[in-house]
>>> print(open('run.pdb').read())   # PDB, C-alpha atoms and all ligand atoms
ATOM      1  CA  MET A1478      17.578  -5.750  -0.611  1.00  0.00           C
ATOM      2  CA  THR A1479      17.415  -6.016   3.158  1.00  0.00           C
ATOM      3  CA  VAL A1480      17.614  -2.831   5.255  1.00  0.00           C
ATOM      4  CA  THR A1481      18.095  -4.383   8.652  1.00  0.00           C
ATOM      5  CA  ASP A1482      20.173  -6.702  10.778  1.00  0.00           C
ATOM      6  CA  ALA A1483      17.235  -7.163  13.176  1.00  0.00           C
ATOM      7  CA  LYS A1484      16.925 -10.612  14.676  1.00  0.00           C
ATOM      8  CA  VAL A1485      13.248 -10.399  15.621  1.00  0.00           C
ATOM      9  CA  ILE A1486      10.656 -11.576  13.110  1.00  0.00           C
ATOM     10  CA  ILE A1487       7.170 -10.570  14.288  1.00  0.00           C
ATOM     11  CA  ALA A1488       4.515 -13.219  13.571  1.00  0.00           C
ATOM     12  CA  LEU A1489       1.522 -11.241  12.272  1.00  0.00           C
ATOM     13  CA  ASP A1490      -1.081 -13.767  13.387  1.00  0.00           C
ATOM     14  CA  PHE A1491      -4.121 -11.479  13.160  1.00  0.00           C
ATOM     15  CA  ASP A1492      -7.550 -12.003  11.631  1.00  0.00           C
ATOM     16  CA  THR A1493      -8.169  -8.498  10.264  1.00  0.00           C
ATOM     17  CA  GLU A1494      -6.108  -6.240   8.015  1.00  0.00           C
ATOM     18  CA  GLU A1495      -6.861  -3.343  10.369  1.00  0.00           C
ATOM     19  CA  GLN A1496      -5.047  -5.101  13.216  1.00  0.00           C
ATOM     20  CA  VAL A1497      -2.097  -5.856  10.941  1.00  0.00           C
ATOM     21  CA  PHE A1498      -1.632  -2.305   9.690  1.00  0.00           C
ATOM     22  CA  ASP A1499      -2.418  -0.658  13.065  1.00  0.00           C
ATOM     23  CA  LEU A1500       0.715  -2.435  14.269  1.00  0.00           C
ATOM     24  CA  VAL A1501       2.835  -2.304  11.104  1.00  0.00           C
ATOM     25  CA  GLU A1502       2.368   1.466  10.730  1.00  0.00           C
ATOM     26  CA  ARG A1503       3.947   1.881  14.175  1.00  0.00           C
ATOM     27  CA  LEU A1504       6.976  -0.277  13.318  1.00  0.00           C
ATOM     28  CA  ASP A1505      10.295   0.622  11.734  1.00  0.00           C
ATOM     29  CA  PRO A1506      11.661  -1.856   9.128  1.00  0.00           C
ATOM     30  CA  LYS A1507      15.108  -1.330  10.692  1.00  0.00           C
ATOM     31  CA  THR A1508      14.027  -2.835  14.031  1.00  0.00           C
ATOM     32  CA  CYS A1509      12.186  -5.996  12.995  1.00  0.00           C
ATOM     33  CA  ARG A1510      11.136  -8.264  10.161  1.00  0.00           C
ATOM     34  CA  LEU A1511       7.595  -9.552   9.612  1.00  0.00           C
ATOM     35  CA  LYS A1512       6.117 -13.016   9.192  1.00  0.00           C
ATOM     36  CA  VAL A1513       2.966 -13.860   7.249  1.00  0.00           C
ATOM     37  CA  GLY A1514       1.626 -17.255   8.227  1.00  0.00           C
ATOM     38  CA  LYS A1515      -1.225 -19.520   7.232  1.00  0.00           C
ATOM     39  CA  GLU A1516      -4.016 -17.513   8.873  1.00  0.00           C
ATOM     40  CA  LEU A1517      -3.171 -14.165   7.304  1.00  0.00           C
ATOM     41  CA  PHE A1518      -2.322 -15.637   3.912  1.00  0.00           C
ATOM     42  CA  THR A1519      -5.508 -17.705   3.767  1.00  0.00           C
ATOM     43  CA  ARG A1520      -7.631 -14.650   4.602  1.00  0.00           C
ATOM     44  CA  PHE A1521      -5.902 -11.958   2.556  1.00  0.00           C
ATOM     45  CA  GLY A1522      -3.671 -13.771   0.042  1.00  0.00           C
ATOM     46  CA  PRO A1523      -0.717 -12.470  -1.959  1.00  0.00           C
ATOM     47  CA  ALA A1524      -2.034  -8.874  -1.823  1.00  0.00           C
ATOM     48  CA  ILE A1525      -1.182  -8.463   1.854  1.00  0.00           C
ATOM     49  CA  VAL A1526       2.279  -9.929   1.311  1.00  0.00           C
ATOM     50  CA  LYS A1527       2.962  -7.469  -1.513  1.00  0.00           C
ATOM     51  CA  ARG A1528       1.702  -4.564   0.616  1.00  0.00           C
ATOM     52  CA  LEU A1529       4.038  -5.486   3.494  1.00  0.00           C
ATOM     53  CA  VAL A1530       6.993  -5.945   1.130  1.00  0.00           C
ATOM     54  CA  SER A1531       6.329  -2.588  -0.495  1.00  0.00           C
ATOM     55  CA  SER A1532       6.230  -0.958   2.976  1.00  0.00           C
ATOM     56  CA  GLY A1533       9.949  -1.755   3.171  1.00  0.00           C
ATOM     57  CA  PHE A1534       9.904  -4.781   5.497  1.00  0.00           C
ATOM     58  CA  ASP A1535      11.704  -8.084   5.067  1.00  0.00           C
ATOM     59  CA  VAL A1536       8.840 -10.577   4.911  1.00  0.00           C
ATOM     60  CA  PHE A1537       9.073 -14.256   5.842  1.00  0.00           C
ATOM     61  CA  LEU A1538       6.277 -16.184   4.104  1.00  0.00           C
ATOM     62  CA  ASP A1539       5.711 -19.018   6.583  1.00  0.00           C
ATOM     63  CA  LEU A1540       3.497 -21.442   4.648  1.00  0.00           C
ATOM     64  CA  LYS A1541       5.591 -24.556   5.424  1.00  0.00           C
ATOM     65  CA  PHE A1542       5.092 -26.211   2.063  1.00  0.00           C
ATOM     66  CA  HIS A1543       4.968 -30.018   2.222  1.00  0.00           C
ATOM     67  CA  ASP A1544       4.197 -31.783  -1.052  1.00  0.00           C
ATOM     68  CA  ILE A1545       5.884 -33.506  -3.989  1.00  0.00           C
ATOM     69  CA  PRO A1546       9.063 -31.841  -5.359  1.00  0.00           C
ATOM     70  CA  ASN A1547       7.523 -30.170  -8.424  1.00  0.00           C
ATOM     71  CA  THR A1548       4.612 -28.691  -6.446  1.00  0.00           C
ATOM     72  CA  VAL A1549       6.777 -27.329  -3.640  1.00  0.00           C
ATOM     73  CA  ALA A1550       9.357 -25.836  -6.001  1.00  0.00           C
ATOM     74  CA  LYS A1551       6.631 -24.083  -8.019  1.00  0.00           C
ATOM     75  CA  ALA A1552       5.036 -22.721  -4.830  1.00  0.00           C
ATOM     76  CA  CYS A1553       8.414 -21.345  -3.686  1.00  0.00           C
ATOM     77  CA  LEU A1554       8.966 -19.726  -7.091  1.00  0.00           C
ATOM     78  CA  ALA A1555       5.534 -18.084  -6.718  1.00  0.00           C
ATOM     79  CA  ALA A1556       6.601 -16.831  -3.266  1.00  0.00           C
ATOM     80  CA  ALA A1557       9.800 -15.418  -4.780  1.00  0.00           C
ATOM     81  CA  ASP A1558       7.660 -13.470  -7.289  1.00  0.00           C
ATOM     82  CA  LEU A1559       6.027 -11.710  -4.306  1.00  0.00           C
ATOM     83  CA  GLY A1560       9.412 -10.332  -3.261  1.00  0.00           C
ATOM     84  CA  VAL A1561       9.619 -12.140   0.076  1.00  0.00           C
ATOM     85  CA  TRP A1562      12.888 -12.340   1.982  1.00  0.00           C
ATOM     86  CA  MET A1563      12.404 -15.895   3.285  1.00  0.00           C
ATOM     87  CA  VAL A1564      10.177 -18.877   2.509  1.00  0.00           C
ATOM     88  CA  ASN A1565       9.942 -22.339   4.063  1.00  0.00           C
ATOM     89  CA  VAL A1566       9.106 -25.981   3.491  1.00  0.00           C
ATOM     90  CA  HIS A1567       8.895 -29.066   5.718  1.00  0.00           C
ATOM     91  CA  ALA A1568      12.194 -30.975   5.897  1.00  0.00           C
ATOM     92  CA  SER A1569      10.183 -34.197   6.241  1.00  0.00           C
ATOM     93  CA  GLY A1570       9.219 -33.724   2.564  1.00  0.00           C
ATOM     94  CA  GLY A1571      12.584 -35.425   1.969  1.00  0.00           C
ATOM     95  CA  PRO A1572      15.917 -34.769   0.238  1.00  0.00           C
ATOM     96  CA  LYS A1573      14.560 -34.830  -3.320  1.00  0.00           C
ATOM     97  CA  MET A1574      11.969 -32.177  -2.582  1.00  0.00           C
ATOM     98  CA  LEU A1575      14.523 -30.026  -0.734  1.00  0.00           C
ATOM     99  CA  GLU A1576      17.175 -30.300  -3.475  1.00  0.00           C
ATOM    100  CA  HIS A1577      14.748 -29.664  -6.333  1.00  0.00           C
ATOM    101  CA  THR A1578      13.302 -26.579  -4.642  1.00  0.00           C
ATOM    102  CA  GLN A1579      16.731 -25.199  -3.764  1.00  0.00           C
ATOM    103  CA  ASN A1580      17.936 -25.770  -7.358  1.00  0.00           C
ATOM    104  CA  GLN A1581      14.934 -23.979  -8.827  1.00  0.00           C
ATOM    105  CA  LEU A1582      15.276 -20.988  -6.492  1.00  0.00           C
ATOM    106  CA  SER A1583      19.016 -20.706  -7.040  1.00  0.00           C
ATOM    107  CA  GLN A1584      18.388 -19.922 -10.715  1.00  0.00           C
ATOM    108  CA  LEU A1585      16.714 -16.641  -9.746  1.00  0.00           C
ATOM    109  CA  SER A1586      18.715 -13.417  -9.598  1.00  0.00           C
ATOM    110  CA  HIS A1587      17.040 -12.468  -6.271  1.00  0.00           C
ATOM    111  CA  ALA A1588      16.104 -15.689  -4.526  1.00  0.00           C
ATOM    112  CA  PRO A1589      14.533 -15.620  -1.059  1.00  0.00           C
ATOM    113  CA  LYS A1590      16.265 -17.544   1.702  1.00  0.00           C
ATOM    114  CA  LEU A1591      14.946 -21.106   1.793  1.00  0.00           C
ATOM    115  CA  ILE A1592      14.680 -22.847   5.152  1.00  0.00           C
ATOM    116  CA  ALA A1593      13.037 -26.066   6.319  1.00  0.00           C
ATOM    117  CA  VAL A1594      10.965 -26.867   9.399  1.00  0.00           C
ATOM    118  CA  THR A1595      12.412 -29.646  11.572  1.00  0.00           C
ATOM    119  CA  VAL A1596      10.148 -30.432  14.552  1.00  0.00           C
ATOM    120  CA  LEU A1597       7.459 -27.874  15.422  1.00  0.00           C
ATOM    121  CA  THR A1598       8.165 -25.968  18.641  1.00  0.00           C
ATOM    122  CA  SER A1599       4.709 -26.893  19.946  1.00  0.00           C
ATOM    123  CA  MET A1600       5.834 -30.533  20.141  1.00  0.00           C
ATOM    124  CA  ASP A1601       7.372 -32.155  23.189  1.00  0.00           C
ATOM    125  CA  GLN A1602       8.861 -35.641  23.474  1.00  0.00           C
ATOM    126  CA  SER A1603       5.497 -37.344  24.025  1.00  0.00           C
ATOM    127  CA  GLN A1604       3.961 -35.633  20.970  1.00  0.00           C
ATOM    128  CA  LEU A1605       6.959 -36.720  18.911  1.00  0.00           C
ATOM    129  CA  ASP A1606       6.648 -40.293  20.246  1.00  0.00           C
ATOM    130  CA  SER A1607       3.078 -40.439  18.971  1.00  0.00           C
ATOM    131  CA  VAL A1608       4.215 -39.520  15.447  1.00  0.00           C
ATOM    132  CA  VAL A1609       7.734 -40.991  15.139  1.00  0.00           C
ATOM    133  CA  GLY A1610       8.898 -43.749  17.483  1.00  0.00           C
ATOM    134  CA  ASN A1611      12.345 -44.523  18.893  1.00  0.00           C
ATOM    135  CA  THR A1612      13.967 -41.127  18.617  1.00  0.00           C
ATOM    136  CA  THR A1613      14.584 -38.155  20.853  1.00  0.00           C
ATOM    137  CA  LEU A1614      13.683 -34.570  19.951  1.00  0.00           C
ATOM    138  CA  ASN A1615      17.358 -33.699  19.519  1.00  0.00           C
ATOM    139  CA  GLN A1616      17.992 -36.727  17.278  1.00  0.00           C
ATOM    140  CA  GLN A1617      14.981 -35.976  15.077  1.00  0.00           C
ATOM    141  CA  VAL A1618      15.857 -32.275  14.766  1.00  0.00           C
ATOM    142  CA  LEU A1619      19.484 -33.118  13.933  1.00  0.00           C
ATOM    143  CA  LYS A1620      18.440 -35.709  11.333  1.00  0.00           C
ATOM    144  CA  LEU A1621      16.082 -33.291   9.547  1.00  0.00           C
ATOM    145  CA  ALA A1622      18.527 -30.387   9.810  1.00  0.00           C
ATOM    146  CA  THR A1623      21.311 -32.547   8.348  1.00  0.00           C
ATOM    147  CA  ILE A1624      19.301 -33.490   5.242  1.00  0.00           C
ATOM    148  CA  THR A1625      18.353 -29.820   4.903  1.00  0.00           C
ATOM    149  CA  ARG A1626      21.991 -28.676   5.079  1.00  0.00           C
ATOM    150  CA  ASN A1627      23.067 -31.428   2.654  1.00  0.00           C
ATOM    151  CA  ALA A1628      20.388 -30.295   0.182  1.00  0.00           C
ATOM    152  CA  GLY A1629      21.966 -26.815   0.174  1.00  0.00           C
ATOM    153  CA  LEU A1630      19.237 -24.814   1.940  1.00  0.00           C
ATOM    154  CA  ASP A1631      20.051 -21.737   4.022  1.00  0.00           C
ATOM    155  CA  GLY A1632      18.892 -23.138   7.340  1.00  0.00           C
ATOM    156  CA  VAL A1633      16.115 -24.574   9.472  1.00  0.00           C
ATOM    157  CA  VAL A1634      13.255 -23.712  11.779  1.00  0.00           C
ATOM    158  CA  CYS A1635      13.861 -25.328  15.160  1.00  0.00           C
ATOM    159  CA  SER A1636      13.620 -24.480  18.835  1.00  0.00           C
ATOM    160  CA  ALA A1637      16.404 -22.388  20.331  1.00  0.00           C
ATOM    161  CA  GLN A1638      16.756 -25.352  22.705  1.00  0.00           C
ATOM    162  CA  GLU A1639      18.472 -27.159  19.814  1.00  0.00           C
ATOM    163  CA  ALA A1640      20.548 -24.185  18.621  1.00  0.00           C
ATOM    164  CA  SER A1641      23.901 -24.889  20.240  1.00  0.00           C
ATOM    165  CA  MET A1642      23.755 -28.572  19.198  1.00  0.00           C
ATOM    166  CA  LEU A1643      22.949 -27.639  15.570  1.00  0.00           C
ATOM    167  CA  LYS A1644      25.618 -24.918  15.347  1.00  0.00           C
ATOM    168  CA  ARG A1645      28.196 -27.389  16.663  1.00  0.00           C
ATOM    169  CA  ALA A1646      27.131 -30.157  14.275  1.00  0.00           C
ATOM    170  CA  LEU A1647      26.334 -28.201  11.112  1.00  0.00           C
ATOM    171  CA  GLY A1648      28.437 -25.055  11.279  1.00  0.00           C
ATOM    172  CA  LYS A1649      27.965 -21.401  12.104  1.00  0.00           C
ATOM    173  CA  SER A1650      26.750 -20.300   8.685  1.00  0.00           C
ATOM    174  CA  PHE A1651      23.777 -22.704   8.642  1.00  0.00           C
ATOM    175  CA  GLU A1652      20.994 -20.372   9.804  1.00  0.00           C
ATOM    176  CA  LEU A1653      18.639 -21.111  12.685  1.00  0.00           C
ATOM    177  CA  VAL A1654      15.196 -19.501  12.825  1.00  0.00           C
ATOM    178  CA  THR A1655      13.547 -20.099  16.170  1.00  0.00           C
ATOM    179  CA  PRO A1656       9.899 -19.668  17.179  1.00  0.00           C
ATOM    180  CA  GLY A1657       8.868 -20.490  20.748  1.00  0.00           C
ATOM    181  CA  ILE A1658      10.612 -17.375  22.077  1.00  0.00           C
ATOM    182  CA  ARG A1659       9.216 -16.210  25.403  1.00  0.00           C
ATOM    183  CA  PRO A1660      10.597 -13.367  27.560  1.00  0.00           C
ATOM    184  CA  LEU A1661      10.725 -14.257  31.265  1.00  0.00           C
ATOM    185  CA  GLY A1662       7.225 -14.342  32.736  1.00  0.00           C
ATOM    186  CA  ALA A1663       5.449 -14.438  29.355  1.00  0.00           C
ATOM    187  CA  ASN A1664       2.576 -16.825  28.729  1.00  0.00           C
ATOM    188  CA  GLN A1665       3.771 -20.114  27.194  1.00  0.00           C
ATOM    189  CA  ASP A1666       0.535 -20.474  25.136  1.00  0.00           C
ATOM    190  CA  ASP A1667       0.647 -23.624  22.966  1.00  0.00           C
ATOM    191  CA  GLN A1668       4.448 -23.714  22.705  1.00  0.00           C
ATOM    192  CA  SER A1669       6.420 -26.543  24.343  1.00  0.00           C
ATOM    193  CA  ARG A1670      10.103 -25.851  23.636  1.00  0.00           C
ATOM    194  CA  ILE A1671      10.471 -22.226  24.764  1.00  0.00           C
ATOM    195  CA  VAL A1672      13.584 -20.086  25.307  1.00  0.00           C
ATOM    196  CA  THR A1673      14.116 -16.461  26.361  1.00  0.00           C
ATOM    197  CA  PRO A1674      15.494 -13.957  23.805  1.00  0.00           C
ATOM    198  CA  SER A1675      18.795 -13.581  25.677  1.00  0.00           C
ATOM    199  CA  GLN A1676      19.351 -17.345  26.007  1.00  0.00           C
ATOM    200  CA  ALA A1677      18.563 -17.755  22.286  1.00  0.00           C
ATOM    201  CA  ILE A1678      21.347 -15.274  21.477  1.00  0.00           C
ATOM    202  CA  VAL A1679      23.807 -17.023  23.792  1.00  0.00           C
ATOM    203  CA  ASP A1680      22.984 -20.320  22.061  1.00  0.00           C
ATOM    204  CA  GLY A1681      23.621 -18.846  18.613  1.00  0.00           C
ATOM    205  CA  VAL A1682      20.243 -18.373  16.903  1.00  0.00           C
ATOM    206  CA  ASP A1683      20.214 -16.156  13.820  1.00  0.00           C
ATOM    207  CA  TYR A1684      16.564 -15.051  13.857  1.00  0.00           C
ATOM    208  CA  MET A1685      13.826 -15.389  16.445  1.00  0.00           C
ATOM    209  CA  VAL A1686      10.122 -15.496  15.607  1.00  0.00           C
ATOM    210  CA  VAL A1687       7.998 -13.695  18.190  1.00  0.00           C
ATOM    211  CA  GLY A1688       4.219 -13.526  17.918  1.00  0.00           C
ATOM    212  CA  ARG A1689       1.903 -13.194  20.907  1.00  0.00           C
ATOM    213  CA  PRO A1690       4.458 -11.752  23.367  1.00  0.00           C
ATOM    214  CA  ILE A1691       4.425  -8.722  21.030  1.00  0.00           C
ATOM    215  CA  THR A1692       1.050  -8.799  19.264  1.00  0.00           C
ATOM    216  CA  LYS A1693      -0.980  -9.413  22.449  1.00  0.00           C
ATOM    217  CA  ALA A1694       1.013  -6.961  24.577  1.00  0.00           C
ATOM    218  CA  GLU A1695      -0.742  -3.844  25.822  1.00  0.00           C
ATOM    219  CA  ASP A1696       1.949  -1.830  24.025  1.00  0.00           C
ATOM    220  CA  PRO A1697       3.387  -4.006  21.197  1.00  0.00           C
ATOM    221  CA  VAL A1698       6.040  -1.450  20.203  1.00  0.00           C
ATOM    222  CA  ALA A1699       7.301  -1.281  23.795  1.00  0.00           C
ATOM    223  CA  ALA A1700       7.341  -5.104  23.927  1.00  0.00           C
ATOM    224  CA  LEU A1701       9.457  -5.221  20.744  1.00  0.00           C
ATOM    225  CA  THR A1702      11.806  -2.552  22.102  1.00  0.00           C
ATOM    226  CA  ALA A1703      12.282  -4.506  25.340  1.00  0.00           C
ATOM    227  CA  ILE A1704      13.098  -7.692  23.389  1.00  0.00           C
ATOM    228  CA  ASN A1705      15.542  -5.825  21.126  1.00  0.00           C
ATOM    229  CA  GLN A1706      17.233  -4.364  24.238  1.00  0.00           C
ATOM    230  CA  GLU A1707      17.478  -7.830  25.814  1.00  0.00           C
ATOM    231  CA  ILE A1708      19.048  -9.124  22.565  1.00  0.00           C
ATOM    232  CA  ALA A1709      21.519  -6.221  22.356  1.00  0.00           C
ATOM    233  CA  ALA A1710      22.594  -6.769  25.965  1.00  0.00           C
ATOM    234  CA  ALA A1711      23.109 -10.505  25.363  1.00  0.00           C
ATOM    235  CA  MET A1712      25.231  -9.813  22.281  1.00  0.00           C
ATOM    236  CA  HIS A1713      27.756  -7.735  24.214  1.00  0.00           C
TER     237      HIS A1713
HETATM  238  O1  LIG B1801       7.932 -24.811  14.817  1.00  0.00           O
HETATM  239  C1  LIG B1801       7.273 -23.773  14.608  1.00  0.00           C
HETATM  240  C2  LIG B1801       7.114 -23.230  13.348  1.00  0.00           C
HETATM  241  C3  LIG B1801       6.409 -22.069  13.205  1.00  0.00           C
HETATM  242  N1  LIG B1801       5.843 -21.444  14.256  1.00  0.00           N
HETATM  243  C4  LIG B1801       5.121 -20.172  14.027  1.00  0.00           C
HETATM  244  O2  LIG B1801       5.766 -19.125  14.766  1.00  0.00           O
HETATM  245  C5  LIG B1801       4.810 -18.262  15.358  1.00  0.00           C
HETATM  246  C6  LIG B1801       4.991 -18.279  16.853  1.00  0.00           C
HETATM  247  O3  LIG B1801       4.045 -17.435  17.445  1.00  0.00           O
HETATM  248  P1  LIG B1801       3.965 -17.194  19.027  1.00  0.00           P
HETATM  249  O4  LIG B1801       2.716 -16.379  19.184  1.00  0.00           O
HETATM  250  O5  LIG B1801       5.214 -16.434  19.416  1.00  0.00           O
HETATM  251  O6  LIG B1801       3.864 -18.518  19.701  1.00  0.00           O
HETATM  252  C7  LIG B1801       3.432 -18.729  14.881  1.00  0.00           C
HETATM  253  O7  LIG B1801       3.087 -17.957  13.765  1.00  0.00           O
HETATM  254  C8  LIG B1801       3.659 -20.174  14.463  1.00  0.00           C
HETATM  255  O8  LIG B1801       2.838 -20.535  13.366  1.00  0.00           O
HETATM  256  C9  LIG B1801       5.974 -21.985  15.500  1.00  0.00           C
HETATM  257  O9  LIG B1801       5.452 -21.443  16.504  1.00  0.00           O
HETATM  258  N2  LIG B1801       6.707 -23.133  15.645  1.00  0.00           N
END
>>> encode(input="run.pdb", output="structure tokens")
Amino acid sequence: MTVTDAKVIIALDFDTEEQVFDLVERLDPKTCRLKVGKELFTRFGPAIVKRLVSSGFDVFLDLKFHDIPNTVAKACLAAADLGVWMVNVHASGGPKMLEHTQNQLSQLSHAPKLIAVTVLTSMDQSQLDSVVGNTTLNQQVLKLATITRNAGLDGVVCSAQEASMLKRALGKSFELVTPGIRPLGANQDDQSRIVTPSQAIVDGVDYMVVGRPITKAEDPVAALTAINQEIAAAMH
């Protein structure tokens, strides 16, 4: 059961457990959620996920599964066994994979939220052109988000730049999880489609993933507090 209505999901992209728990021990599960991605999971496996879940945090297992329907559904069921709050797949795996995975999870008494990645926030129009021709970023995101909504998933990963378009097209209850969040003046790093926390709120995002602006800050707890204050101000 979730203990928070926090919108910030901190991406724990660290390469040692010490770094992870130095930060996590200073955080309150009421003020943020946590994300375990490919780096942390590949180094430390299910054990670190279970430890974070048992510390009282909502954990998003961000492994972006992309495979045939049976394989993805089984992987998501394994994620559910870890007690995670949210898990994700790639929408480009197609409607059958999305529907099968959603059906399997919905048979659980405590299923995690299932969301699908549309177009990675590191990609700009020219990157997209080199992979998929004849479409704009907005068109591709809308197409993948529409098949995700039609398959019954809870929402998508997209950029906050697409949030108002998706809320208009797919409805308020279809959840938007947005990486590529950068407070004013923050380093853009390898992200292309960036948005500030306050603009993301104005545009209707449900959750924002924030990694380096918090984890690389001199004082990560102060950086989180500043982002939460910016969000609170934008909500009023
Ligand atoms: O489209 C996507 C999907 C996932 N991510 C992940 O979010 C964080 C962002 O970290 P920052 O340090 O705030 O850039 C990272 O773990 C990515 O794997 C994404 O950025 N874009």
>>> atom_distance(input="run.pdb", atom1="atom CA of A:Gln1668", atom2="atom O6 of ligand LIG 1801 (chain B)")
6.0 Å
>>> closest_residue(input="run.pdb", among="A:Asp1680, A:Asp1696, A:Asp1601, A:Glu1652", to="A:Gln1638", atoms="all atoms listed in the file")
A:Asp1680
>>> residues_near_ligand(input="run.pdb", ligand="ligand LIG 1801 (chain B)", cutoff="10 Å", atoms="only C-alpha atoms and all ligand atoms", output="ChimeraX atom specification")
/A:1486-1491,1512-1517,1539-1541,1565,1567,1593-1600,1633-1636,1654-1659,1664-1671,1685-1693
>>> closest_residue(input="run.pdb", among="A:Ala1637, A:Cys1509, A:Ile1525, A:Ala1550", to="A:Asn1705", atoms="all atoms listed in the file")
A:Cys1509
>>> closest_residue(input="run.pdb", among="A:Ala1699, A:Val1549, A:Val1530, A:Ala1710", to="A:Thr1508", atoms="only C-alpha atoms")
A:Ala1699
>>> residues_near_point(input="run.pdb", point="(15.6, -10.8, -6.2)", cutoff="12 Å", atoms="only C-alpha atoms", output="PyMOL selection string")
chain A and resi 1478-1479+1554+1556-1563+1582-1590
>>> resolve_selection(input="run.pdb", expression="the PyMOL selection byres (((chain A and resi 1707) around 10) and not hetatm)", output="list in words")
Pro1660, Thr1673, Pro1674, Ser1675, Gln1676, Ile1678, Leu1701, Thr1702, Ala1703, Ile1704, Asn1705, Gln1706, Ile1708, Ala1709, Ala1710, Ala1711 and Met1712 of chain A
>>> write_last_selection(input="run.pdb", atoms="C-alpha atoms", output="PDB file, in the coordinates of the input")
ATOM      1  CA  PRO A1660      10.597 -13.367  27.560  1.00  0.00           C
ATOM      2  CA  THR A1673      14.116 -16.461  26.361  1.00  0.00           C
ATOM      3  CA  PRO A1674      15.494 -13.957  23.805  1.00  0.00           C
ATOM      4  CA  SER A1675      18.795 -13.581  25.677  1.00  0.00           C
ATOM      5  CA  GLN A1676      19.351 -17.345  26.007  1.00  0.00           C
ATOM      6  CA  ILE A1678      21.347 -15.274  21.477  1.00  0.00           C
ATOM      7  CA  LEU A1701       9.457  -5.221  20.744  1.00  0.00           C
ATOM      8  CA  THR A1702      11.806  -2.552  22.102  1.00  0.00           C
ATOM      9  CA  ALA A1703      12.282  -4.506  25.340  1.00  0.00           C
ATOM     10  CA  ILE A1704      13.098  -7.692  23.389  1.00  0.00           C
ATOM     11  CA  ASN A1705      15.542  -5.825  21.126  1.00  0.00           C
ATOM     12  CA  GLN A1706      17.233  -4.364  24.238  1.00  0.00           C
ATOM     13  CA  ILE A1708      19.048  -9.124  22.565  1.00  0.00           C
ATOM     14  CA  ALA A1709      21.519  -6.221  22.356  1.00  0.00           C
ATOM     15  CA  ALA A1710      22.594  -6.769  25.965  1.00  0.00           C
ATOM     16  CA  ALA A1711      23.109 -10.505  25.363  1.00  0.00           C
ATOM     17  CA  MET A1712      25.231  -9.813  22.281  1.00  0.00           C
TER      18      MET A1712
END
>>> residues_around(input="run.pdb", residues="A:Leu1575", least_positions_apart="5", cutoff="9 Å", atoms="all atoms listed in the file", output="list of chain:residue names")
A:Pro1546, A:Val1549, A:Ala1550, A:Val1566, A:His1567, A:Ala1568, A:Gly1570, A:Asn1580, A:Ala1593, A:Ile1624, A:Thr1625, A:Ala1628, A:Gly1629, A:Leu1630
>>> decode(input="run.pdb", residues="stretch 1606-1644 of chain A", atoms="C-alpha atoms", output="short mmCIF file (atom, residue, chain, number, x, y, z; two decimals), in the first residue's frame")
data_model
loop_
_atom_site.label_atom_id
_atom_site.label_comp_id
_atom_site.auth_asym_id
_atom_site.auth_seq_id
_atom_site.Cartn_x
_atom_site.Cartn_y
_atom_site.Cartn_z
CA ASP A 1606 14.03 10.05 -38.08
CA SER A 1607 16.97 7.66 -38.08
CA VAL A 1608 14.84 4.91 -36.50
CA VAL A 1609 11.30 5.55 -37.79
CA GLY A 1610 10.72 7.66 -40.90
CA ASN A 1611 7.85 9.98 -41.83
CA THR A 1612 6.53 10.82 -38.40
CA THR A 1613 6.92 13.60 -35.87
CA LEU A 1614 7.79 13.05 -32.21
CA ASN A 1615 4.26 14.01 -31.18
CA GLN A 1616 2.68 11.64 -33.72
CA GLN A 1617 4.88 8.72 -32.66
CA VAL A 1618 4.27 9.33 -28.94
CA LEU A 1619 0.51 9.62 -29.52
CA LYS A 1620 0.44 6.43 -31.61
CA LEU A 1621 2.30 4.39 -28.97
CA ALA A 1622 0.33 5.93 -26.10
CA THR A 1623 -2.96 5.14 -27.88
CA ILE A 1624 -2.14 1.43 -28.29
CA THR A 1625 -1.04 1.41 -24.64
CA ARG A 1626 -4.31 2.96 -23.45
CA ASN A 1627 -6.34 0.61 -25.68
CA ALA A 1628 -4.52 -2.38 -24.19
CA GLY A 1629 -5.71 -1.29 -20.72
CA LEU A 1630 -2.39 -0.23 -19.16
CA ASP A 1631 -2.22 2.48 -16.49
CA GLY A 1632 -0.19 4.95 -18.51
CA VAL A 1633 2.99 5.77 -20.39
CA VAL A 1634 6.51 7.11 -20.05
CA CYS A 1635 6.88 10.19 -22.24
CA SER A 1636 8.36 13.66 -22.09
CA ALA A 1637 6.40 16.32 -20.24
CA GLN A 1638 6.57 18.15 -23.58
CA GLU A 1639 3.87 15.74 -24.77
CA ALA A 1640 1.79 15.81 -21.58
CA SER A 1641 -0.92 18.31 -22.47
CA MET A 1642 -1.43 16.68 -25.91
CA LEU A 1643 -1.76 13.20 -24.34
CA LYS A 1644 -4.11 14.32 -21.55
#
